[in-house]
>>> print(open('protein11.cif').read())   # mmCIF, C-alpha atoms
data_start
loop_
_atom_site.label_atom_id
_atom_site.label_comp_id
_atom_site.auth_asym_id
_atom_site.auth_seq_id
_atom_site.Cartn_x
_atom_site.Cartn_y
_atom_site.Cartn_z
CA MET A 1 0.00 0.00 0.00
CA THR A 2 2.85 2.37 0.75
CA ALA A 3 4.30 1.75 -2.72
CA ALA A 4 0.97 2.66 -4.33
CA ALA A 5 0.65 5.81 -2.24
CA ASP A 6 4.23 6.79 -3.05
CA LEU A 7 3.66 6.33 -6.78
CA LEU A 8 0.56 8.55 -6.74
CA ALA A 9 2.30 11.18 -4.62
CA GLU A 10 5.27 11.32 -6.96
CA ALA A 11 2.93 11.71 -9.96
CA ALA A 12 1.30 14.70 -8.28
CA ARG A 13 4.64 16.21 -7.22
CA SER A 14 6.32 15.80 -10.60
CA ALA A 15 3.22 16.61 -12.69
CA ARG A 16 3.83 13.38 -14.59
CA PRO A 17 1.02 10.81 -14.52
CA CYS A 18 2.00 7.35 -13.37
CA PRO A 19 0.98 3.86 -14.53
CA PRO A 20 -2.09 2.24 -12.92
CA ILE A 21 -1.47 1.20 -9.32
CA ARG A 22 -3.78 -1.84 -9.40
CA PRO A 23 -0.87 -4.26 -9.99
CA LEU A 24 0.38 -3.24 -6.54
CA LEU A 25 -2.86 -4.34 -4.84
CA ASP A 26 -4.80 -7.58 -4.86
CA ALA A 27 -7.25 -7.69 -7.74
CA GLY A 28 -10.47 -5.88 -6.86
CA ASP A 29 -9.41 -5.23 -3.25
CA ILE A 30 -11.35 -2.03 -2.61
CA ASP A 31 -10.56 -2.10 1.11
CA ALA A 32 -6.85 -2.00 0.27
CA ALA A 33 -7.50 0.89 -2.10
CA TYR A 34 -9.22 2.82 0.68
CA ALA A 35 -6.22 2.06 2.90
CA VAL A 36 -4.01 3.75 0.29
CA GLN A 37 -6.41 6.70 0.27
CA GLN A 38 -6.25 6.87 4.08
CA LEU A 39 -2.46 6.95 3.94
CA HIS A 40 -2.69 9.87 1.52
CA THR A 41 -5.08 11.63 3.93
CA GLU A 42 -2.81 11.07 6.91
CA ARG A 43 0.15 12.49 5.00
CA ALA A 44 -1.94 15.51 3.98
CA LEU A 45 -3.00 16.15 7.57
CA ALA A 46 0.61 15.93 8.69
CA THR A 47 1.48 18.81 6.34
CA GLY A 48 -1.32 20.97 7.76
CA ARG A 49 -3.97 20.53 5.09
CA ARG A 50 -7.50 20.98 6.46
CA PRO A 51 -10.30 18.52 5.57
CA VAL A 52 -13.65 20.20 4.91
CA GLY A 53 -15.87 17.39 3.65
CA ARG A 54 -16.24 14.51 1.26
CA LYS A 55 -16.92 13.88 -2.39
CA ILE A 56 -18.96 11.05 -3.80
CA GLY A 57 -17.82 9.69 -7.13
CA LEU A 58 -19.19 7.38 -9.78
CA THR A 59 -22.87 8.07 -9.04
CA SER A 60 -23.90 8.76 -12.62
CA PRO A 61 -24.47 5.78 -14.92
CA ALA A 62 -22.92 7.85 -17.70
CA VAL A 63 -19.73 8.42 -15.70
CA GLN A 64 -19.65 4.79 -14.55
CA HIS A 65 -19.85 3.79 -18.20
CA GLN A 66 -17.04 6.20 -19.09
CA LEU A 67 -14.77 4.65 -16.45
CA GLY A 68 -15.94 1.05 -16.63
CA VAL A 69 -17.10 0.74 -13.00
CA ASP A 70 -20.44 -0.12 -11.40
CA GLN A 71 -20.48 1.37 -7.88
CA PRO A 72 -19.90 4.71 -6.14
CA ASP A 73 -16.85 5.68 -4.14
CA PHE A 74 -15.80 8.57 -1.92
CA GLY A 75 -12.80 10.79 -1.27
CA VAL A 76 -11.72 13.59 1.06
CA LEU A 77 -12.13 17.30 0.30
CA PHE A 78 -9.49 19.69 1.60
CA ALA A 79 -9.80 23.44 1.99
CA ASP A 80 -6.99 24.06 -0.49
CA MET A 81 -8.97 22.26 -3.19
CA ALA A 82 -11.61 25.02 -3.28
CA VAL A 83 -11.46 27.51 -6.16
CA PRO A 84 -13.61 30.63 -5.61
CA GLU A 85 -15.81 31.72 -8.48
CA GLY A 86 -14.06 34.46 -10.42
CA GLN A 87 -10.59 33.09 -9.80
CA PRO A 88 -9.07 30.99 -12.60
CA VAL A 89 -7.79 27.48 -12.13
CA PRO A 90 -4.01 28.01 -12.30
CA ALA A 91 -2.23 26.61 -15.31
CA GLY A 92 -0.44 23.38 -14.45
CA ARG A 93 -2.30 22.85 -11.16
CA LEU A 94 -3.87 19.62 -12.44
CA LEU A 95 -2.66 16.84 -14.71
CA GLN A 96 -5.69 15.61 -16.69
CA PRO A 97 -8.67 17.71 -15.57
CA LYS A 98 -12.29 16.98 -16.38
CA VAL A 99 -15.33 18.93 -15.17
CA GLU A 100 -18.57 17.63 -13.66
CA ALA A 101 -21.68 19.54 -12.54
CA GLU A 102 -23.08 18.52 -9.14
CA ALA A 103 -25.31 19.49 -6.25
CA ALA A 104 -23.34 20.23 -3.09
CA LEU A 105 -24.77 19.94 0.41
CA VAL A 106 -23.45 21.80 3.44
CA LEU A 107 -24.36 20.20 6.76
CA GLY A 108 -25.67 22.14 9.72
CA THR A 109 -25.57 19.24 12.19
CA ASP A 110 -23.79 15.89 12.50
CA LEU A 111 -25.03 12.70 10.80
CA PRO A 112 -23.73 9.97 13.14
CA HIS A 113 -26.33 7.25 12.50
CA HIS A 114 -25.45 4.01 10.71
CA ASP A 115 -28.90 3.98 9.12
CA PRO A 116 -29.78 7.63 8.39
CA THR A 117 -33.15 8.39 6.86
CA VAL A 118 -34.06 11.02 4.32
CA ALA A 119 -35.64 12.97 7.18
CA ASP A 120 -32.35 12.83 9.11
CA LEU A 121 -30.50 14.15 6.08
CA LEU A 122 -33.01 16.92 5.41
CA ARG A 123 -32.80 18.09 9.03
CA ALA A 124 -29.00 17.93 9.03
CA THR A 125 -28.48 19.87 5.79
CA ALA A 126 -28.19 23.63 6.16
CA PHE A 127 -28.39 24.34 2.43
CA ALA A 128 -27.51 23.18 -1.07
CA LEU A 129 -25.35 24.87 -3.70
CA PRO A 130 -24.58 24.30 -7.38
CA ALA A 131 -21.05 22.99 -7.76
CA LEU A 132 -18.41 22.11 -10.29
CA GLU A 133 -16.06 19.31 -9.41
CA ILE A 134 -12.83 19.38 -11.37
CA VAL A 135 -11.76 15.78 -11.23
CA ASP A 136 -8.22 14.68 -12.01
CA SER A 137 -6.25 11.48 -12.19
CA ARG A 138 -2.64 10.95 -11.29
CA ILE A 139 -2.82 7.82 -13.48
CA ALA A 140 -1.86 8.20 -17.12
CA ASP A 141 -4.65 8.46 -19.69
CA TRP A 142 -7.33 7.86 -17.03
CA ASP A 143 -6.56 4.14 -17.32
CA ILE A 144 -8.40 3.33 -14.11
CA THR A 145 -10.52 0.71 -12.41
CA ILE A 146 -12.38 1.38 -9.19
CA VAL A 147 -9.28 0.25 -7.25
CA ASP A 148 -7.17 2.90 -8.99
CA THR A 149 -9.63 5.73 -8.50
CA VAL A 150 -10.36 4.92 -4.84
CA ALA A 151 -6.66 4.83 -4.02
CA ASP A 152 -6.24 8.14 -5.86
CA ASN A 153 -8.65 9.90 -3.45
CA ALA A 154 -11.56 9.14 -5.79
CA SER A 155 -9.79 11.00 -8.62
CA SER A 156 -10.26 14.30 -6.80
CA GLY A 157 -8.81 17.56 -8.01
CA LEU A 158 -10.50 20.85 -7.20
CA TYR A 159 -14.04 22.14 -6.76
CA VAL A 160 -16.02 25.35 -7.22
CA LEU A 161 -19.13 26.21 -5.19
CA GLY A 162 -21.87 28.60 -6.26
CA GLY A 163 -22.54 31.52 -3.96
CA THR A 164 -26.30 31.43 -3.30
CA PRO A 165 -27.42 28.92 -0.62
CA VAL A 166 -30.72 27.15 -1.27
CA PRO A 167 -32.63 25.42 1.57
CA LEU A 168 -33.73 21.90 0.67
CA ASP A 169 -37.40 22.77 1.18
CA ARG A 170 -37.12 25.02 -1.88
CA VAL A 171 -35.78 22.49 -4.36
CA ASP A 172 -36.48 18.88 -5.34
CA LEU A 173 -32.97 17.62 -6.02
CA ARG A 174 -34.30 14.46 -7.64
CA ALA A 175 -36.07 16.50 -10.33
CA VAL A 176 -33.48 19.17 -11.14
CA THR A 177 -32.10 19.42 -14.65
CA MET A 178 -28.49 20.35 -15.40
CA THR A 179 -26.72 21.81 -18.41
CA LEU A 180 -22.93 22.19 -18.50
CA THR A 181 -21.35 24.40 -21.14
CA ARG A 182 -17.74 24.76 -22.23
CA ASN A 183 -16.89 28.00 -24.02
CA GLY A 184 -20.61 28.50 -24.63
CA GLY A 185 -21.36 25.09 -26.13
CA THR A 186 -23.26 22.36 -24.29
CA VAL A 187 -20.99 19.45 -23.31
CA SER A 188 -23.09 17.64 -20.67
CA GLN A 189 -26.70 17.36 -19.59
CA GLY A 190 -28.47 15.39 -16.89
CA THR A 191 -30.91 15.37 -14.02
CA GLY A 192 -30.92 14.76 -10.30
CA ALA A 193 -32.30 11.31 -10.98
CA ASP A 194 -29.07 10.49 -12.85
CA CYS A 195 -27.19 10.65 -9.53
CA LEU A 196 -28.11 7.29 -7.91
CA GLY A 197 -31.77 8.23 -8.37
CA SER A 198 -31.30 11.44 -6.35
CA PRO A 199 -28.38 13.40 -4.85
CA LEU A 200 -30.05 12.73 -1.49
CA THR A 201 -29.74 8.98 -2.08
CA ALA A 202 -26.03 9.43 -2.81
CA ALA A 203 -25.59 11.51 0.35
CA LEU A 204 -27.39 8.88 2.43
CA TRP A 205 -25.07 6.19 1.06
CA LEU A 206 -22.07 8.29 2.05
CA ALA A 207 -23.44 9.15 5.51
CA SER A 208 -24.18 5.50 6.27
CA THR A 209 -20.83 4.27 4.94
CA LEU A 210 -18.81 6.81 6.91
CA ALA A 211 -20.78 6.26 10.11
CA ARG A 212 -20.04 2.52 9.92
CA LEU A 213 -16.36 3.37 9.46
CA GLY A 214 -16.42 5.54 12.60
CA GLU A 215 -15.85 8.75 10.62
CA PRO A 216 -19.35 10.25 10.35
CA LEU A 217 -20.24 13.42 8.52
CA ARG A 218 -20.09 16.45 10.81
CA ALA A 219 -21.67 19.89 10.97
CA GLY A 220 -20.01 22.19 8.46
CA ASP A 221 -18.96 19.40 6.11
CA ILE A 222 -19.31 19.97 2.39
CA VAL A 223 -20.64 16.99 0.46
CA LEU A 224 -20.25 16.87 -3.30
CA THR A 225 -23.02 14.42 -4.10
CA GLY A 226 -21.85 13.24 -7.52
CA ALA A 227 -22.09 14.06 -11.20
CA LEU A 228 -25.46 14.84 -12.76
CA GLY A 229 -24.15 13.97 -16.21
CA PRO A 230 -21.03 13.00 -18.15
CA MET A 231 -17.76 14.72 -17.33
CA ALA A 232 -16.09 16.95 -19.91
CA ALA A 233 -12.38 17.34 -20.56
CA ALA A 234 -10.83 20.73 -19.78
CA ALA A 235 -7.95 22.51 -21.46
CA PRO A 236 -6.10 25.77 -20.70
CA GLY A 237 -8.30 28.75 -21.51
CA ASP A 238 -11.59 26.84 -21.28
CA GLN A 239 -14.56 28.38 -19.47
CA PHE A 240 -17.31 26.24 -17.92
CA THR A 241 -20.76 27.14 -16.59
CA ALA A 242 -23.27 24.76 -15.02
CA ARG A 243 -26.93 25.68 -14.81
CA ILE A 244 -28.95 23.60 -12.36
CA ASP A 245 -32.59 24.61 -12.15
CA GLY A 246 -33.60 25.42 -8.61
CA LEU A 247 -29.99 25.84 -7.51
CA GLY A 248 -28.68 28.45 -9.96
CA THR A 249 -25.39 28.68 -11.83
CA VAL A 250 -21.73 28.18 -11.07
CA SER A 251 -18.78 28.96 -13.34
CA THR A 252 -15.05 28.53 -13.57
CA ALA A 253 -12.28 29.27 -16.05
CA PHE A 254 -8.92 27.63 -16.67
CA ALA A 255 -6.00 29.99 -17.01
CA PRO A 256 -4.32 30.01 -20.42
CA ALA A 257 -1.20 27.92 -20.78
CA ALA A 258 2.04 29.70 -19.98
CA PRO A 259 4.02 30.80 -23.07
CA GLY A 260 6.23 27.97 -24.22
CA ALA A 261 4.39 25.34 -22.16
CA ALA A 262 3.93 21.91 -23.72
CA ALA A 263 0.53 21.30 -25.27
#
>>> encode(input="protein11.cif", output="structure tokens")
Amino acid sequence: MTAAADLLAEAARSARPCPPIRPLLDAGDIDAAYAVQQLHTERALATGRRPVGRKIGLTSPAVQHQLGVDQPDFGVLFADMAVPEGQPVPAGRLLQPKVEAEAALVLGTDLPHHDPTVADLLRATAFALPALEIVDSRIADWDITIVDTVADNASSGLYVLGGTPVPLDRVDLRAVTMTLTRNGGTVSQGTGADCLGSPLTAALWLASTLARLGEPLRAGDIVLTGALGPMAAAAPGDQFTARIDGLGTVSTAFAPAAPGAAA
């Protein structure tokens, strides 16, 4: 597990994607992959990085199809992964970025139960926001299985949150529709139902899973509930906007490549 974590860390440090790490773990051993992720988290905490929530990945059938997997996963969000709207994603910050539109939840109270209900989740959630998750892979050419992506902190990169909080009694997340544009052209569409049937269902899965692991969701946590449609590749200079009815819009832009940088 240490060898896998080291390989991923070196890929991030050097900005050179590495080969898949699955040969370093037993075939299909998701628990071992989460152990690699935990090692990454412990190293991050040791350097002073601050965890602020969790992301759920692989909730959209379209994204599962793109990556050849059939179940969700989760990763850790850190404060330094947040990109405020209006500030560009720095050139070279990520290796192989792709953009997804999601509904984000911000918790107002803890969710410690092993078997949370929708009512528990509704009471615990302070508000929802439109979000862009900028996923990334330290593994070359996105050649990943679920073992690879779990070990790689669920292929996390950065995220952008919209600025207008929406209480859950004002929006039916299951019924929302989403359109993601890149440089003005539509590149992804979907609905809340495309995220495990509802973003709330995805959040319940996460809350239950983490509570059983002894690491429950806490007040103040941000939860990125998962893609509402296919992810779209990003390049320097690209601008993305997601429109999610009932939640509003959220946008980001990628800084142009530095002069003389490799394509």
>>> resolve_selection(input="protein11.cif", expression="the PyMOL selection byres ((chain A and resi 185) around 12)", output="list in words")
Thr179, Leu180, Thr181, Arg182, Asn183, Gly184, Thr186, Val187, Ser188, Gln189, Ala232, Asp238, Gln239, Phe240, Thr241 and Ala242 of chain A
>>> closest_residue(input="protein11.cif", among="A:Pro23, A:Asp141, A:Gly214, A:Val83", to="Leu7 in chain A", atoms="all atoms listed in the file")
A:Pro23
>>> atom_distance(input="protein11.cif", atom1="CA of Thr117 in chain A", atom2="CA of Val171 in chain A")
18.2 Å
>>> closest_residue(input="protein11.cif", among="A:Ala9, A:Arg93, A:Leu217, A:Ile222", to="Ala257 in chain A", atoms="only C-alpha atoms")
A:Arg93
>>> residues_around(input="protein11.cif", residues="Pro19 in chain A", least_positions_apart="4", cutoff="12 Å", atoms="only C-alpha atoms", output="PyMOL selection string")
chain A and resi 4+7-8+10-11+23-24+137-144+148
>>> build_atoms(input="protein11.cif", residues="range 178-190 of chain A", atoms="N, CA and C atoms", output="short mmCIF file (atom, residue, chain, number, x, y, z; two decimals), keeping the file's coordinate frame")
data_model
loop_
_atom_site.label_atom_id
_atom_site.label_comp_id
_atom_site.auth_asym_id
_atom_site.auth_seq_id
_atom_site.Cartn_x
_atom_site.Cartn_y
_atom_site.Cartn_z
N MET A 178 -29.81 19.71 -15.36
CA MET A 178 -28.49 20.35 -15.40
C MET A 178 -28.01 20.47 -16.84
N THR A 179 -27.41 21.61 -17.15
CA THR A 179 -26.72 21.81 -18.41
C THR A 179 -25.34 22.38 -18.12
N LEU A 180 -24.31 21.74 -18.67
CA LEU A 180 -22.93 22.19 -18.50
C LEU A 180 -22.42 22.64 -19.86
N THR A 181 -21.90 23.88 -19.90
CA THR A 181 -21.35 24.40 -21.14
C THR A 181 -19.85 24.62 -21.01
N ARG A 182 -19.17 24.46 -22.13
CA ARG A 182 -17.74 24.76 -22.23
C ARG A 182 -17.56 25.75 -23.37
N ASN A 183 -17.07 26.93 -23.03
CA ASN A 183 -16.89 28.00 -24.02
C ASN A 183 -18.18 28.27 -24.78
N GLY A 184 -19.31 28.18 -24.06
CA GLY A 184 -20.61 28.50 -24.63
C GLY A 184 -21.35 27.36 -25.26
N GLY A 185 -20.70 26.24 -25.51
CA GLY A 185 -21.36 25.09 -26.13
C GLY A 185 -21.68 24.01 -25.11
N THR A 186 -22.84 23.39 -25.24
CA THR A 186 -23.26 22.36 -24.29
C THR A 186 -22.38 21.11 -24.43
N VAL A 187 -21.84 20.64 -23.30
CA VAL A 187 -20.99 19.45 -23.31
C VAL A 187 -21.54 18.35 -22.40
N SER A 188 -22.53 18.66 -21.56
CA SER A 188 -23.09 17.64 -20.67
C SER A 188 -24.47 18.09 -20.22
N GLN A 189 -25.37 17.12 -20.11
CA GLN A 189 -26.70 17.36 -19.59
C GLN A 189 -27.11 16.20 -18.70
N GLY A 190 -28.00 16.46 -17.75
CA GLY A 190 -28.47 15.39 -16.89
C GLY A 190 -29.51 15.91 -15.92
#
